[in-house]
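Novice: Can you read through this structure? Questions will come right after.
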Amino acid sequence: MNNIDEKYIDMAIEISKNAKYPYGAIVVKDNKIIGRSDDKTLMETSMYSHAELEAIESASKNKNLYGDLKGATMYVSCEPCMMCMGAILYEEFSKVVYAATLQDSNDNYCPEMITNIDELAKYSKDKIEIIKELHREQAVEVLKMRGE
């Protein structure tokens, strides 16, 4: 963890405050934000429009990086679910930083299928760094506020 991680996780949490659902994600590659889940060019189309997938789609379309997210970092306000972690691994991200846990989301906002992110990470082609629960309290507050 470093100051850059804190800066970007705070941005993901800020996105979650204004999102239709209280989750936010940012894709960073080479120290530049290349995808965001609040990109206005994207439209929510289904229950599969999770923040991580929206940010990946934003990065892929807006920066012409389809299939070239290897080495990027995903900053997300809540721990990725199994589906989103699969997409992160498929795109070969090198790092995931998250704030709230799936259990936090389950307890404060909506039912979640609780998975073990470390077990899912074992399927990565290369080692993926995972920074857990960075600024968790702020993200949990958003879940609580929106879950009321």
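We label chains A, B, ... in the order they appear in the structure tokens, count residues from 1 in each chain, and number ligands from 1 in the order shown.
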I'd like the neighbourhood of A:Ile56 as a ChimeraX atom specification, where a residue qualifies if any of its atoms comes within 7 Å (using only C-alpha atoms), though same-chain residues fewer than 4 positions away should be ignored.

Specialist: /A:27,35,52,60

Novice: Write the residues of the preceding selection, restricted to N, CA and C atoms, as a PDB file, in the first residue's frame.

Specialist:
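File written: selection31.pdb
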```pdb
ATOM      1  N   VAL A  27      -9.886   1.769 -13.184  1.00  0.00           N
ATOM      2  CA  VAL A  27      -8.775   1.006 -13.748  1.00  0.00           C
ATOM      3  C   VAL A  27      -7.626   1.974 -13.975  1.00  0.00           C
ATOM      4  N   GLY A  35     -10.030   3.812 -17.028  1.00  0.00           N
ATOM      5  CA  GLY A  35     -11.410   3.355 -17.017  1.00  0.00           C
ATOM      6  C   GLY A  35     -12.070   3.666 -15.694  1.00  0.00           C
ATOM      7  N   GLU A  52     -16.798  -3.127 -11.449  1.00  0.00           N
ATOM      8  CA  GLU A  52     -15.543  -3.597 -12.033  1.00  0.00           C
ATOM      9  C   GLU A  52     -15.691  -3.833 -13.533  1.00  0.00           C
ATOM     10  N   SER A  60     -11.475  -0.521 -21.963  1.00  0.00           N
ATOM     11  CA  SER A  60     -11.337  -1.221 -23.242  1.00  0.00           C
ATOM     12  C   SER A  60     -11.842  -0.394 -24.415  1.00  0.00           C
TER      13      SER A  60
END
```

Novice: Contacts between stretch 139-146 of chain A and stretch 70-110 of chain A, please, where a residue of stretch 70-110 of chain A counts if it comes within 9 Å (with only C-alpha atoms); show its shortest atom pair and distance in Å to one decimal, rows by chain and ascending number, as CSV.

Specialist:
```
residue,atom,partner,partner_atom,distance
A:Ser77,CA,A:Ala139,CA,6.0
A:Cys78,CA,A:Ala139,CA,7.2
A:Ala99,CA,A:Ala139,CA,6.0
A:Ala100,CA,A:Ala139,CA,5.5
A:Thr101,CA,A:Val140,CA,8.5
A:Asp104,CA,A:Val140,CA,6.5
A:Ser105,CA,A:Leu143,CA,6.5
A:Asp107,CA,A:Lys144,CA,8.8
A:Asn108,CA,A:Lys144,CA,5.2
A:Tyr109,CA,A:Leu143,CA,5.6
```

Novice: I need the helix (DSSP H, G or I) residues of chain A per DSSP on the backbone, written as an NGL selection string.

Specialist: :A and (3-18 or 51-62 or 82-90 or 102-108 or 117-121 or 136-147)

Novice: Pick out each residue of chain A that DSSP on the backbone tags as strand (DSSP E); I need them as a list in words.

Specialist: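 Filtering chain A to strand (DSSP E) leaves Ala25, Ile26, Val27, Val28, Lys29, Lys32, Ile33, Ile34, Gly35, Arg36, Thr73, Met74, Tyr75, Val76, Ser77, Cys78, Lys95, Val96, Val97, Tyr98, Ala99, Ala100, Glu129, Ile130 and Ile131 of chain A.
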
Novice: Kindly give the distance, in Å, that separates atom CA of A:Leu120 and atom CA of A:Ile33, rounded to a single decimal.

Specialist: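 Here the two named atoms are 25.1 Å from each other.
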
Novice: For A:Gly24, which of A:Leu69, A:Met113, A:Ala51, A:Ile4 is the closest residue, counting only C-alpha atoms?

Specialist: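 Using only C-alpha atoms, A:Gly24 sits closest to A:Ala51.
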
Novice: Which of these residues is nearest to A:Ser16, using only C-alpha atoms: A:Cys110, A:Val76, A:Leu53, A:Ile130?

Specialist: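 So, comparing all the options, the nearest one is A:Val76.
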
Novice: Go through A:Ile114, A:Val96, A:Ala87, A:Leu102 and flag the residue nearest A:Lys127, using only C-alpha atoms for the distances.

Specialist: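 Among the listed residues, A:Val96 lies closest to A:Lys127.
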
Novice: Between A:Tyr23, A:Ile13, A:Arg36, A:Ile128, which has the minimum distance to A:Lys61 (counting only C-alpha atoms)?

Specialist: A:Arg36

Novice: To one decimal place, how far is atom CA of A:Glu119 from atom CA of A:Pro80 in Å?

Specialist: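 Result for atom CA of A:Glu119 versus atom CA of A:Pro80: 12.6 Å, one decimal.
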
Novice: Quick one: residues within 7 Å of A:Ile131, only C-alpha atoms, excluding same-chain residues fewer than 2 positions away - as a short mmCIF file (atom, residue, chain, number, x, y, z; two decimals) with N, CA and C atoms, in the first residue's frame?

Specialist:
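Ended up saving to around.cif:
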```cif
data_model
loop_
_atom_site.label_atom_id
_atom_site.label_comp_id
_atom_site.auth_asym_id
_atom_site.auth_seq_id
_atom_site.Cartn_x
_atom_site.Cartn_y
_atom_site.Cartn_z
N MET A 1 0.85 -1.19 0.00
CA MET A 1 0.00 0.00 0.00
C MET A 1 0.88 1.24 0.00
N VAL A 96 -5.15 -5.73 -7.38
CA VAL A 96 -6.51 -5.34 -6.99
C VAL A 96 -6.42 -4.70 -5.61
N VAL A 97 -7.04 -3.54 -5.48
CA VAL A 97 -7.12 -2.86 -4.19
C VAL A 97 -8.61 -2.65 -3.92
N TYR A 98 -9.07 -3.13 -2.77
CA TYR A 98 -10.49 -2.93 -2.45
C TYR A 98 -10.66 -2.41 -1.04
N GLU A 129 -1.31 -9.13 -7.01
CA GLU A 129 -1.23 -8.53 -5.68
C GLU A 129 -2.62 -8.08 -5.27
N GLU A 133 -9.14 -4.21 2.17
CA GLU A 133 -9.77 -3.37 3.19
C GLU A 133 -9.09 -2.02 3.40
N LEU A 134 -8.55 -1.44 2.31
CA LEU A 134 -7.95 -0.11 2.39
C LEU A 134 -9.08 0.92 2.45
#
```

Novice: When you count only C-alpha atoms, which of these residues is closest to A:Gly71: A:Lys125, A:Lys20, A:His50, A:His135?

Specialist: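 Using only C-alpha atoms, A:Gly71 sits closest to A:Lys125.
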
Novice: Counting only C-alpha atoms, which of A:Cys81, A:Asp30, A:Lys17, A:Ala72 gets nearest to A:Ile117?

Specialist: A:Cys81

Novice: As an exercise, work out the distance from atom CA of A:Ala19 to atom CA of A:Lys7 in Å and give it to one decimal place.

Specialist: 18.7 Å
